[in-house]
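Participant: Got input11.txt for you, compact mmCIF, C-alpha atoms and all ligand atoms:
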```txt
# COMPACT_ATOMS: atom_id res chain seq x y z
CA MET A 1 6.36 6.48 -34.62
CA PRO A 2 5.29 8.18 -37.85
CA ILE A 3 6.93 7.06 -41.07
CA ILE A 4 7.51 9.22 -44.11
CA THR A 5 8.98 8.48 -47.51
CA LEU A 6 11.45 10.88 -49.07
CA LYS A 7 11.60 10.78 -52.85
CA LEU A 8 14.94 12.08 -54.04
CA GLU A 9 15.96 12.45 -57.64
CA LEU A 10 19.40 11.28 -58.72
CA GLN A 11 21.47 13.93 -60.50
CA LYS A 12 21.14 13.12 -64.16
CA PRO A 13 22.75 9.68 -64.47
CA THR A 14 25.03 8.83 -67.41
CA LYS A 15 23.72 6.60 -70.19
CA GLU A 16 25.80 3.73 -68.82
CA LYS A 17 24.29 4.14 -65.35
CA VAL A 18 20.75 4.25 -66.73
CA LYS A 19 21.46 1.09 -68.68
CA MET A 20 22.77 -0.59 -65.56
CA TYR A 21 19.83 0.52 -63.35
CA ARG A 22 17.40 -0.83 -65.95
CA LYS A 23 19.28 -4.11 -66.20
CA MET A 24 19.27 -4.46 -62.42
CA THR A 25 15.52 -3.81 -62.31
CA GLU A 26 14.96 -6.37 -65.05
CA MET A 27 17.06 -9.01 -63.25
CA ASN A 28 15.38 -8.27 -59.95
CA THR A 29 11.89 -8.55 -61.48
CA ALA A 30 12.71 -11.90 -63.07
CA PHE A 31 14.22 -13.12 -59.82
CA ALA A 32 11.19 -12.00 -57.80
CA ASN A 33 8.87 -13.87 -60.19
CA TRP A 34 11.05 -16.96 -59.93
CA LEU A 35 10.89 -16.68 -56.13
CA LEU A 36 7.09 -16.59 -56.17
CA ASN A 37 7.05 -20.16 -57.46
CA PHE A 38 10.09 -21.33 -55.52
CA GLU A 39 9.14 -24.01 -52.99
CA GLY A 40 11.78 -23.08 -50.47
CA LEU A 41 10.72 -19.40 -50.37
CA LYS A 42 9.82 -19.45 -46.68
CA ALA A 43 13.34 -20.42 -45.60
CA ALA A 44 15.21 -18.75 -48.46
CA THR A 45 18.53 -16.98 -47.88
CA SER A 46 20.68 -14.99 -50.31
CA LYS A 47 22.27 -18.30 -51.39
CA VAL A 48 19.16 -19.23 -53.38
CA PHE A 49 20.16 -16.73 -56.05
CA LYS A 50 22.80 -19.26 -57.20
CA LEU A 51 20.00 -21.75 -57.84
CA TYR A 52 18.32 -19.17 -60.01
CA SER A 53 21.26 -17.76 -61.98
CA ASP A 54 25.05 -17.78 -62.17
CA LYS A 55 25.17 -14.06 -62.87
CA LEU A 56 26.50 -11.61 -60.33
CA PHE A 57 23.88 -9.75 -58.36
CA PRO A 58 24.35 -7.87 -55.06
CA SER A 59 23.33 -10.00 -52.10
CA ALA A 60 21.93 -6.87 -50.44
CA ILE A 61 19.26 -6.61 -53.13
CA VAL A 62 18.70 -10.38 -53.14
CA ASN A 63 18.02 -10.35 -49.39
CA GLN A 64 15.63 -7.43 -49.63
CA THR A 65 13.75 -8.99 -52.56
CA ILE A 66 13.38 -12.30 -50.70
CA ARG A 67 11.93 -10.54 -47.65
CA GLU A 68 9.49 -8.52 -49.73
CA VAL A 69 8.36 -11.42 -51.91
CA GLN A 70 7.77 -13.51 -48.77
CA SER A 71 5.62 -10.77 -47.31
CA LYS A 72 3.76 -10.03 -50.57
CA LYS A 73 2.98 -13.67 -51.15
CA ARG A 74 1.67 -14.05 -47.62
CA HIS A 75 -0.42 -10.89 -47.49
CA GLN A 76 -1.47 -10.14 -51.05
CA ASN A 77 -1.26 -13.52 -52.70
CA THR A 78 0.55 -11.96 -55.66
CA LYS A 79 0.77 -14.08 -58.82
CA LYS A 80 3.16 -12.07 -60.94
CA PHE A 81 5.22 -8.90 -60.61
CA LEU A 82 5.30 -6.60 -63.60
CA ARG A 83 8.21 -4.74 -62.13
CA PHE A 84 10.19 -5.20 -58.97
CA TRP A 85 12.41 -2.23 -58.17
CA CYS A 86 15.72 -2.88 -56.44
CA GLY A 87 15.49 -2.30 -52.70
CA PHE A 88 18.11 -1.95 -49.98
CA ASN A 89 17.93 -2.10 -46.20
CA ASN A 90 19.57 0.54 -44.03
CA GLN A 91 22.81 -1.45 -43.74
CA ASN A 92 23.46 -1.33 -47.46
CA PHE A 93 22.12 2.04 -48.46
CA LYS A 94 23.80 5.16 -47.09
CA VAL A 95 23.01 8.84 -47.22
CA GLU A 96 26.08 11.06 -47.01
CA LYS A 97 26.81 14.76 -46.95
CA GLU A 98 29.98 16.30 -48.32
CA ASN A 99 30.33 20.04 -47.91
CA ASP A 100 26.77 21.01 -48.81
CA LEU A 101 26.12 18.21 -51.27
CA TYR A 102 24.09 15.15 -50.50
CA LYS A 103 24.94 11.75 -51.90
CA VAL A 104 23.56 8.26 -51.65
CA SER A 105 25.59 5.09 -52.01
CA PHE A 106 24.45 1.55 -52.71
CA PRO A 107 25.75 -1.69 -54.25
CA THR A 108 25.22 -2.43 -57.95
CA CYS A 109 26.07 -5.35 -60.22
CA GLU A 110 29.52 -3.92 -60.74
CA LYS A 111 30.51 -2.22 -57.51
CA ARG A 112 29.27 0.04 -54.78
CA ILE A 113 28.59 3.50 -56.19
CA GLY A 114 28.00 6.94 -54.73
CA VAL A 115 25.69 9.29 -56.65
CA PRO A 116 24.74 12.90 -55.96
CA ILE A 117 21.06 13.62 -55.38
CA ILE A 118 18.84 16.64 -55.96
CA VAL A 119 17.49 17.81 -52.62
CA LYS A 120 14.55 20.18 -52.36
CA SER A 121 14.60 22.64 -49.49
CA TYR A 122 11.85 20.89 -47.52
CA GLN A 123 13.69 17.57 -47.83
CA GLN A 124 16.93 18.90 -46.40
CA LYS A 125 15.60 19.02 -42.85
CA TRP A 126 14.62 15.35 -43.04
CA LEU A 127 17.96 14.27 -44.50
CA ASP A 128 19.80 16.14 -41.76
CA GLU A 129 17.71 14.37 -39.13
CA LEU A 130 18.63 11.10 -40.79
CA LEU A 131 22.33 11.99 -40.77
CA SER A 132 22.27 13.10 -37.14
CA GLY A 133 20.52 9.87 -36.14
CA GLU A 134 17.39 11.69 -34.90
CA ALA A 135 15.37 9.85 -37.53
CA LYS A 136 15.78 6.17 -38.34
CA GLN A 137 16.30 5.02 -41.89
CA GLY A 138 14.19 2.19 -43.25
CA LYS A 139 14.12 0.70 -46.70
CA ALA A 140 15.40 2.47 -49.81
CA GLU A 141 14.21 1.77 -53.34
CA LEU A 142 15.71 2.71 -56.70
CA TYR A 143 13.05 3.52 -59.28
CA GLU A 144 12.42 5.23 -62.60
CA LYS A 145 9.62 7.63 -63.39
CA ARG A 146 9.22 9.48 -66.68
CA ARG A 147 12.82 8.76 -67.64
CA ARG A 148 14.16 10.18 -64.39
CA TRP A 149 15.71 8.09 -61.63
CA PHE A 150 14.85 8.42 -57.96
CA VAL A 151 15.47 6.80 -54.63
CA ALA A 152 12.60 6.50 -52.17
CA ILE A 153 13.85 6.32 -48.60
CA THR A 154 11.47 5.55 -45.76
CA MET A 155 12.28 6.98 -42.38
CA SER A 156 10.68 6.92 -38.96
CA PHE A 157 11.03 9.52 -36.25
CA GLU A 158 9.71 10.56 -32.88
CA VAL A 159 7.16 13.33 -32.80
CA LYS A 160 8.15 15.98 -30.30
CA PRO A 161 5.02 17.35 -28.68
CA GLN A 162 4.75 21.12 -28.96
CA SER A 163 5.95 22.71 -25.77
CA GLY A 164 4.41 25.88 -24.37
CA ASN A 165 0.81 26.72 -23.64
CA GLN A 166 -1.06 23.45 -23.60
CA ASN A 167 -4.32 25.11 -24.56
CA LEU A 168 -3.24 27.18 -27.52
CA ILE A 169 -5.67 26.62 -30.38
CA MET A 170 -5.37 27.91 -33.92
CA GLY A 171 -8.35 28.21 -36.27
CA VAL A 172 -7.75 27.98 -40.02
CA ASP A 173 -10.34 29.35 -42.44
CA VAL A 174 -9.92 28.23 -46.03
CA GLY A 175 -11.59 30.55 -48.51
CA LEU A 176 -11.82 31.89 -52.01
CA ARG A 177 -10.52 35.41 -51.66
CA GLN A 178 -7.84 34.77 -49.08
CA LEU A 179 -6.57 31.22 -49.53
CA ALA A 180 -6.35 30.80 -45.82
CA VAL A 181 -6.52 32.83 -42.62
CA ALA A 182 -5.09 31.44 -39.40
CA SER A 183 -5.96 32.91 -36.02
CA ILE A 184 -4.45 32.22 -32.63
CA GLY A 185 -6.41 34.15 -30.05
CA THR A 186 -6.52 37.63 -31.56
CA THR A 187 -3.37 37.21 -33.68
CA SER A 188 -4.21 36.52 -37.32
CA MET A 189 -2.17 35.74 -40.35
CA PHE A 190 -3.33 36.01 -43.94
CA PHE A 191 -2.12 33.62 -46.56
CA HIS A 192 -3.06 35.45 -49.72
CA GLY A 193 -4.60 33.78 -52.67
CA ASN A 194 -4.60 36.69 -55.10
CA GLU A 195 -1.98 35.26 -57.35
CA THR A 196 -3.69 31.90 -57.16
CA ALA A 197 -7.00 33.30 -58.33
CA TYR A 198 -5.25 35.04 -61.17
CA THR A 199 -3.48 31.90 -62.31
CA ARG A 200 -6.66 29.86 -62.14
CA ARG A 201 -8.47 32.37 -64.33
CA ARG A 202 -5.63 32.27 -66.80
CA PHE A 203 -5.77 28.49 -67.04
CA ALA A 204 -9.54 28.57 -67.46
CA SER A 205 -9.57 31.18 -70.23
CA LEU A 206 -6.82 29.34 -72.04
CA ARG A 207 -8.99 26.23 -71.95
CA ARG A 208 -12.01 28.10 -73.29
CA LYS A 209 -10.03 29.26 -76.29
CA LEU A 210 -8.66 25.80 -76.87
CA GLY A 211 -12.14 24.32 -76.53
CA GLN A 212 -13.29 26.24 -79.56
CA ALA A 213 -10.45 24.73 -81.50
CA LYS A 214 -11.37 21.30 -80.14
CA LYS A 215 -7.88 20.63 -78.97
CA LEU A 216 -8.93 18.14 -76.38
CA GLN A 217 -5.54 16.70 -75.72
CA THR A 218 -4.12 20.13 -74.97
CA ILE A 219 -7.04 20.85 -72.67
CA ARG A 220 -6.35 17.71 -70.72
CA LYS A 221 -2.71 18.67 -70.39
CA SER A 222 -3.62 22.15 -69.24
CA LYS A 223 -5.84 20.64 -66.54
CA GLN A 224 -3.05 18.37 -65.39
CA LYS A 225 -0.68 21.31 -65.28
CA GLU A 226 -3.16 23.31 -63.26
CA SER A 227 -3.69 20.61 -60.67
CA GLN A 228 0.05 20.07 -60.34
CA TRP A 229 0.46 23.78 -59.82
CA MET A 230 -2.38 23.82 -57.26
CA LYS A 231 -0.73 20.95 -55.44
CA ASP A 232 2.58 22.79 -55.22
CA THR A 233 0.79 25.91 -53.97
CA ASN A 234 -1.06 23.92 -51.32
CA HIS A 235 2.18 22.32 -50.19
CA LYS A 236 3.76 25.73 -49.74
CA LEU A 237 0.70 27.20 -48.02
CA SER A 238 0.36 24.30 -45.61
CA ARG A 239 4.06 24.56 -44.79
CA GLN A 240 3.69 28.29 -44.00
CA ILE A 241 0.61 27.66 -41.88
CA ILE A 242 2.29 24.89 -39.88
CA ASN A 243 5.42 27.01 -39.41
CA PHE A 244 3.23 29.82 -38.09
CA ALA A 245 1.59 27.35 -35.70
CA MET A 246 4.94 25.96 -34.52
CA GLU A 247 6.49 29.38 -34.01
CA ASN A 248 3.56 30.24 -31.77
CA GLY A 249 3.53 26.98 -29.82
CA VAL A 250 0.07 25.94 -31.03
CA HIS A 251 -0.92 22.45 -29.92
CA LEU A 252 -4.29 22.12 -31.68
CA ILE A 253 -5.51 23.24 -35.10
CA ARG A 254 -9.19 23.49 -35.90
CA MET A 255 -10.64 23.64 -39.40
CA GLU A 256 -14.12 23.47 -40.88
CA ASP A 257 -15.41 20.11 -41.98
CA LEU A 258 -16.12 20.89 -45.64
CA THR A 259 -17.60 17.49 -46.46
CA GLY A 260 -20.85 17.98 -48.28
CA ILE A 261 -20.45 21.72 -48.73
CA ARG A 262 -20.39 22.95 -52.26
CA HIS A 263 -18.87 26.38 -52.34
CA SER A 264 -21.40 28.73 -53.76
CA ALA A 265 -20.00 30.31 -56.86
CA LYS A 266 -20.08 34.08 -56.73
CA SER A 267 -20.36 34.53 -60.48
CA ARG A 268 -20.77 32.63 -63.68
CA LYS A 269 -17.06 32.83 -64.18
CA GLU A 270 -16.48 30.87 -61.01
CA ALA A 271 -19.28 28.44 -61.63
CA GLY A 272 -18.60 24.91 -62.68
CA ARG A 273 -15.17 24.87 -61.22
CA ASN A 274 -15.32 22.40 -58.41
CA LEU A 275 -11.56 22.64 -58.44
CA HIS A 276 -12.13 25.18 -55.67
CA SER A 277 -13.61 22.76 -53.21
CA TRP A 278 -11.21 20.06 -54.30
CA SER A 279 -8.31 22.40 -53.72
CA HIS A 280 -9.61 23.40 -50.28
CA TYR A 281 -9.97 19.80 -49.34
CA GLN A 282 -6.40 19.12 -50.49
CA LEU A 283 -5.06 22.08 -48.53
CA GLN A 284 -6.74 20.77 -45.38
CA GLU A 285 -5.29 17.30 -46.01
CA PHE A 286 -1.79 18.75 -46.30
CA ILE A 287 -2.24 20.85 -43.17
CA GLN A 288 -3.43 17.79 -41.26
CA TYR A 289 -0.53 15.66 -42.49
CA LYS A 290 2.12 18.24 -41.66
CA ALA A 291 0.49 19.01 -38.32
CA GLY A 292 0.78 15.31 -37.47
CA LEU A 293 4.48 15.35 -38.25
CA ALA A 294 4.92 18.41 -36.04
CA GLY A 295 3.06 16.88 -33.12
CA ILE A 296 0.06 19.20 -33.49
CA LYS A 297 -3.45 17.78 -33.20
CA VAL A 298 -6.19 18.58 -35.70
CA GLU A 299 -9.93 18.82 -35.08
CA TYR A 300 -12.74 19.48 -37.53
CA ILE A 301 -15.69 21.61 -36.59
CA ASN A 302 -19.21 22.04 -37.83
CA PRO A 303 -19.03 24.94 -40.34
CA LYS A 304 -22.47 26.26 -39.49
CA ARG A 305 -22.56 30.04 -38.85
CA THR A 306 -18.76 30.42 -38.56
CA SER A 307 -18.88 33.39 -40.93
CA GLN A 308 -22.04 34.98 -39.52
CA MET A 309 -21.48 34.79 -35.77
CA CYS A 310 -20.24 37.80 -33.83
CA LYS A 311 -18.21 37.55 -30.63
CA CYS A 312 -21.21 39.09 -28.83
CA GLY A 313 -23.17 35.97 -29.74
CA HIS A 314 -25.36 37.54 -32.41
CA ALA A 315 -25.49 35.51 -35.63
CA ASP A 316 -26.93 37.02 -38.79
CA LYS A 317 -26.31 36.42 -42.49
CA ARG A 318 -26.20 40.18 -42.98
CA ASN A 319 -23.30 40.53 -40.54
CA ARG A 320 -21.06 39.61 -43.41
CA LYS A 321 -20.67 41.54 -46.63
CA GLN A 322 -17.90 40.02 -48.73
CA ASP A 323 -14.67 40.75 -46.86
CA ALA A 324 -16.22 42.92 -44.21
CA PHE A 325 -17.80 41.73 -41.01
CA CYS A 326 -19.97 44.19 -39.14
CA CYS A 327 -22.28 43.03 -36.38
CA ARG A 328 -25.79 44.42 -36.76
CA LYS A 329 -26.34 44.20 -33.03
CA CYS A 330 -23.18 45.44 -31.30
CA GLY A 331 -21.37 47.09 -34.22
CA TYR A 332 -18.18 44.99 -33.89
CA LYS A 333 -16.11 45.26 -37.07
CA SER A 334 -13.52 42.84 -38.39
CA HIS A 335 -12.25 41.20 -41.54
CA ALA A 336 -14.83 38.53 -42.35
CA ASP A 337 -12.28 35.73 -42.70
CA VAL A 338 -10.47 36.73 -39.52
CA ASN A 339 -13.78 36.64 -37.67
CA ALA A 340 -14.51 33.23 -39.18
CA SER A 341 -11.13 31.78 -38.24
CA ILE A 342 -11.57 32.99 -34.65
CA ASN A 343 -14.97 31.29 -34.57
CA ILE A 344 -13.38 28.16 -36.00
CA ALA A 345 -10.73 28.18 -33.24
CA LYS A 346 -13.53 28.49 -30.68
CA ALA A 347 -15.54 25.72 -32.42
CA ILE A 348 -18.71 27.77 -31.97
CA SER A 349 -20.96 25.19 -33.63
CA GLY A 350 -19.28 22.17 -32.15
CA LEU A 351 -16.94 19.50 -33.41
CA SER A 352 -17.85 17.48 -36.48
CA ASN A 353 -17.61 13.71 -36.82
CA LYS A 354 -14.81 13.90 -39.36
CA LYS A 355 -11.89 11.99 -37.98
CA SER A 356 -8.62 13.81 -37.79
CA ALA A 357 -6.09 11.01 -37.95
ZN ZN A 401 -21.94 41.63 -32.09
```
Please re-express this file's structure in structure tokens.

Facilitator:
Amino acid sequence: MPIITLKLELQKPTKEKVKMYRKMTEMNTAFANWLLNFEGLKAATSKVFKLYSDKLFPSAIVNQTIREVQSKKRHQNTKKFLRFWCGFNNQNFKVEKENDLYKVSFPTCEKRIGVPIIVKSYQQKWLDELLSGEAKQGKAELYEKRRRWFVAITMSFEVKPQSGNQNLIMGVDVGLRQLAVASIGTTSMFFHGNETAYTRRRFASLRRKLGQAKKLQTIRKSKQKESQWMKDTNHKLSRQIINFAMENGVHLIRMEDLTGIRHSAKSRKEAGRNLHSWSHYQLQEFIQYKAGLAGIKVEYINPKRTSQMCKCGHADKRNRKQDAFCCRKCGYKSHADVNASINIAKAISGLSNKKSA
């Protein structure tokens, strides 16, 4: 059963709550470090906390910390924890829904509290599966990142195999001009990258200007911002592609194995930006991950000739001119990326060695 982790942000906690969460983390870290050197660790129960301190601390967290320290000591031979976030098992941590608002509740040093959480649209589906019992809740962890507080909930679920035609294959071509083209048989879908290209150029020209002013720090920040933005875009694109596959009952996705291929830059402007290939690689990773969750298999194919080959079997570099594909032998015309994605679906040059799981 696949396992995923949902990271949900708590609605801005009050100063008092933040103080309490930090204090709990501090206590838990100290307790975990004490446990590491505690001789009775192997047989420890929540009662050992009394040996450590006379303060009040929820036994739910104590139990979880004991289990995790036992496992970490056994498997990783840890010597010291810098920070040990408070964790809860599924008995002590609850997700609830009231009207359309989601809440989580868990024990603290003072009492059990319920706090509203910020749920992104793609997370809602998972939370609803958790609430309906379709997915099983695992451990939950309360943690802080950049002054914001989150809970990470792990959940496991059954993958439902795609019903329908058991031989339906979709080819996905990842490219510069169109971010991605997916083809199922003769049905194709474009996932446009125009806006993406524009935004990338904007980031790059901004950096050039800043470079002259030697504002290195700002350049670094701009790069971080760009990769974050690229990541968000790739998440959205992969979601759309997988939805398209699911709506059409696809059971296998094929993509080009891009390992070792450096995308030839079409101009000086595009040169030196290996962000392109990195971004393509990331998009494929996301597609593969989401396909796995949807019960769709992924295969990688040898990228040789996918953009030059015609359906008549004639392969020629000159068959392709930018976006246009026109076979020099039989005259077949198509969009170049559509033609490529159909060839990818057919795996015309065979499967690559790249593993898909
Ligand atoms: Zn042809």

Participant: So, with all atoms listed in the file as the atoms that count, which of A:Lys103, A:His251, A:Lys346, A:Arg220 lies closest to Gly295 of chain A?

Facilitator: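 Selected residue with least distance to Gly295 of chain A: A:His251.
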
Participant: Could you give me the residues within 8 Å of ligand ZN 401 (chain A), counting all atoms listed in the file, as a VMD selection string?

Facilitator: chain A and resid 309 to 315 326 to 332

Participant: Can you pull out the residues contacting segment 141-145 of chain A? Cut-off 6 Å, using only C-alpha atoms, and skip same-chain residues under 3 positions away; I want them as a PyMOL selection string.

Facilitator: chain A and resi 85-87+148-152

Participant: Please produce an output containing C-alpha atoms for each residue in the selection, written as a PDB file, in the coordinates of the input.

Facilitator:
```
ATOM      1  CA  TRP A  85      12.410  -2.230 -58.170  1.00  0.00           C
ATOM      2  CA  CYS A  86      15.720  -2.880 -56.440  1.00  0.00           C
ATOM      3  CA  GLY A  87      15.490  -2.300 -52.700  1.00  0.00           C
ATOM      4  CA  ARG A 148      14.160  10.180 -64.390  1.00  0.00           C
ATOM      5  CA  TRP A 149      15.710   8.090 -61.630  1.00  0.00           C
ATOM      6  CA  PHE A 150      14.850   8.420 -57.960  1.00  0.00           C
ATOM      7  CA  VAL A 151      15.470   6.800 -54.630  1.00  0.00           C
ATOM      8  CA  ALA A 152      12.600   6.500 -52.170  1.00  0.00           C
TER       9      ALA A 152
END
```

Participant: Quick one: residues within 7 Å of Phe57 of chain A, only C-alpha atoms, excluding same-chain residues fewer than 2 positions away - as a ChimeraX atom specification?

Facilitator: /A:55,59,109

Participant: Looking at A:Arg67, A:His75, A:Lys136, A:Arg22, which one is nearest to Val95 of chain A, with distances taken over all atoms listed in the file?

Facilitator: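 When distances to Val95 of chain A are compared using all atoms listed in the file, the smallest one comes from A:Lys136.
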
Participant: For a test of reading the model, state the distance in Å between atom CA of Val69 of chain A and atom CA of Pro2 of chain A, rounded to one decimal.

Facilitator: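 So the two atoms, atom CA of Val69 of chain A and atom CA of Pro2 of chain A, lie 24.3 Å apart.
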
Participant: Have a look at atom CA of Asn33 of chain A and atom CA of Thr154 of chain A and let me know their distance in Å, one decimal.

Facilitator: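 Interatomic distance here is 24.3 Å.
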
Participant: Output segment 132-153 of chain A with N, CA, C and O atoms present, as a PDB file, in the coordinates of the input.

Facilitator:
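Resulting contents of part.pdb:
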```
ATOM      1  N   SER A 132      21.935  12.893 -38.549  1.00  0.00           N
ATOM      2  CA  SER A 132      22.270  13.100 -37.140  1.00  0.00           C
ATOM      3  C   SER A 132      21.771  11.934 -36.275  1.00  0.00           C
ATOM      4  O   SER A 132      22.073  11.871 -35.089  1.00  0.00           O
ATOM      5  N   GLY A 133      21.014  11.025 -36.885  1.00  0.00           N
ATOM      6  CA  GLY A 133      20.520   9.870 -36.140  1.00  0.00           C
ATOM      7  C   GLY A 133      19.209  10.140 -35.414  1.00  0.00           C
ATOM      8  O   GLY A 133      18.664   9.276 -34.746  1.00  0.00           O
ATOM      9  N   GLU A 134      18.677  11.371 -35.543  1.00  0.00           N
ATOM     10  CA  GLU A 134      17.390  11.690 -34.900  1.00  0.00           C
ATOM     11  C   GLU A 134      16.251  10.893 -35.529  1.00  0.00           C
ATOM     12  O   GLU A 134      15.292  10.536 -34.870  1.00  0.00           O
ATOM     13  N   ALA A 135      16.368  10.663 -36.844  1.00  0.00           N
ATOM     14  CA  ALA A 135      15.370   9.850 -37.530  1.00  0.00           C
ATOM     15  C   ALA A 135      16.044   8.539 -37.932  1.00  0.00           C
ATOM     16  O   ALA A 135      17.249   8.498 -38.166  1.00  0.00           O
ATOM     17  N   LYS A 136      15.234   7.477 -37.989  1.00  0.00           N
ATOM     18  CA  LYS A 136      15.780   6.170 -38.340  1.00  0.00           C
ATOM     19  C   LYS A 136      15.467   5.830 -39.785  1.00  0.00           C
ATOM     20  O   LYS A 136      14.324   5.968 -40.233  1.00  0.00           O
ATOM     21  N   GLN A 137      16.489   5.361 -40.490  1.00  0.00           N
ATOM     22  CA  GLN A 137      16.300   5.020 -41.890  1.00  0.00           C
ATOM     23  C   GLN A 137      15.710   3.634 -42.032  1.00  0.00           C
ATOM     24  O   GLN A 137      16.087   2.702 -41.336  1.00  0.00           O
ATOM     25  N   GLY A 138      14.746   3.500 -42.946  1.00  0.00           N
ATOM     26  CA  GLY A 138      14.190   2.190 -43.250  1.00  0.00           C
ATOM     27  C   GLY A 138      14.698   1.721 -44.588  1.00  0.00           C
ATOM     28  O   GLY A 138      15.863   1.865 -44.922  1.00  0.00           O
ATOM     29  N   LYS A 139      13.774   1.239 -45.401  1.00  0.00           N
ATOM     30  CA  LYS A 139      14.120   0.700 -46.700  1.00  0.00           C
ATOM     31  C   LYS A 139      14.367   1.813 -47.730  1.00  0.00           C
ATOM     32  O   LYS A 139      13.799   2.899 -47.624  1.00  0.00           O
ATOM     33  N   ALA A 140      15.227   1.533 -48.700  1.00  0.00           N
ATOM     34  CA  ALA A 140      15.400   2.470 -49.810  1.00  0.00           C
ATOM     35  C   ALA A 140      15.137   1.721 -51.113  1.00  0.00           C
ATOM     36  O   ALA A 140      15.412   0.527 -51.217  1.00  0.00           O
ATOM     37  N   GLU A 141      14.563   2.428 -52.081  1.00  0.00           N
ATOM     38  CA  GLU A 141      14.210   1.770 -53.340  1.00  0.00           C
ATOM     39  C   GLU A 141      14.664   2.638 -54.504  1.00  0.00           C
ATOM     40  O   GLU A 141      14.490   3.846 -54.486  1.00  0.00           O
ATOM     41  N   LEU A 142      15.244   1.997 -55.510  1.00  0.00           N
ATOM     42  CA  LEU A 142      15.710   2.710 -56.700  1.00  0.00           C
ATOM     43  C   LEU A 142      14.673   2.537 -57.794  1.00  0.00           C
ATOM     44  O   LEU A 142      14.358   1.417 -58.179  1.00  0.00           O
ATOM     45  N   TYR A 143      14.103   3.653 -58.276  1.00  0.00           N
ATOM     46  CA  TYR A 143      13.050   3.520 -59.280  1.00  0.00           C
ATOM     47  C   TYR A 143      13.101   4.594 -60.354  1.00  0.00           C
ATOM     48  O   TYR A 143      13.709   5.644 -60.174  1.00  0.00           O
ATOM     49  N   GLU A 144      12.443   4.304 -61.459  1.00  0.00           N
ATOM     50  CA  GLU A 144      12.420   5.230 -62.600  1.00  0.00           C
ATOM     51  C   GLU A 144      11.016   5.761 -62.795  1.00  0.00           C
ATOM     52  O   GLU A 144      10.040   5.026 -62.681  1.00  0.00           O
ATOM     53  N   LYS A 145      10.924   7.050 -63.076  1.00  0.00           N
ATOM     54  CA  LYS A 145       9.620   7.630 -63.390  1.00  0.00           C
ATOM     55  C   LYS A 145       9.833   8.689 -64.463  1.00  0.00           C
ATOM     56  O   LYS A 145      10.638   9.601 -64.287  1.00  0.00           O
ATOM     57  N   ARG A 146       9.114   8.560 -65.540  1.00  0.00           N
ATOM     58  CA  ARG A 146       9.220   9.480 -66.680  1.00  0.00           C
ATOM     59  C   ARG A 146      10.680   9.757 -67.049  1.00  0.00           C
ATOM     60  O   ARG A 146      11.112  10.896 -67.144  1.00  0.00           O
ATOM     61  N   ARG A 147      11.425   8.699 -67.224  1.00  0.00           N
ATOM     62  CA  ARG A 147      12.820   8.760 -67.640  1.00  0.00           C
ATOM     63  C   ARG A 147      13.759   9.459 -66.663  1.00  0.00           C
ATOM     64  O   ARG A 147      14.867   9.855 -67.003  1.00  0.00           O
ATOM     65  N   ARG A 148      13.273   9.648 -65.418  1.00  0.00           N
ATOM     66  CA  ARG A 148      14.160  10.180 -64.390  1.00  0.00           C
ATOM     67  C   ARG A 148      14.294   9.121 -63.309  1.00  0.00           C
ATOM     68  O   ARG A 148      13.376   8.357 -63.070  1.00  0.00           O
ATOM     69  N   TRP A 149      15.456   9.112 -62.648  1.00  0.00           N
ATOM     70  CA  TRP A 149      15.710   8.090 -61.630  1.00  0.00           C
ATOM     71  C   TRP A 149      15.667   8.696 -60.235  1.00  0.00           C
ATOM     72  O   TRP A 149      16.180   9.782 -59.997  1.00  0.00           O
ATOM     73  N   PHE A 150      15.050   7.945 -59.330  1.00  0.00           N
ATOM     74  CA  PHE A 150      14.850   8.420 -57.960  1.00  0.00           C
ATOM     75  C   PHE A 150      15.228   7.329 -56.961  1.00  0.00           C
ATOM     76  O   PHE A 150      15.269   6.154 -57.306  1.00  0.00           O
ATOM     77  N   VAL A 151      15.471   7.760 -55.727  1.00  0.00           N
ATOM     78  CA  VAL A 151      15.470   6.800 -54.630  1.00  0.00           C
ATOM     79  C   VAL A 151      14.372   7.218 -53.656  1.00  0.00           C
ATOM     80  O   VAL A 151      14.195   8.408 -53.391  1.00  0.00           O
ATOM     81  N   ALA A 152      13.617   6.242 -53.190  1.00  0.00           N
ATOM     82  CA  ALA A 152      12.600   6.500 -52.170  1.00  0.00           C
ATOM     83  C   ALA A 152      13.130   5.923 -50.870  1.00  0.00           C
ATOM     84  O   ALA A 152      13.401   4.728 -50.787  1.00  0.00           O
ATOM     85  N   ILE A 153      13.335   6.785 -49.887  1.00  0.00           N
ATOM     86  CA  ILE A 153      13.850   6.320 -48.600  1.00  0.00           C
ATOM     87  C   ILE A 153      12.762   6.480 -47.549  1.00  0.00           C
ATOM     88  O   ILE A 153      12.210   7.562 -47.388  1.00  0.00           O
TER      89      ILE A 153
END
```
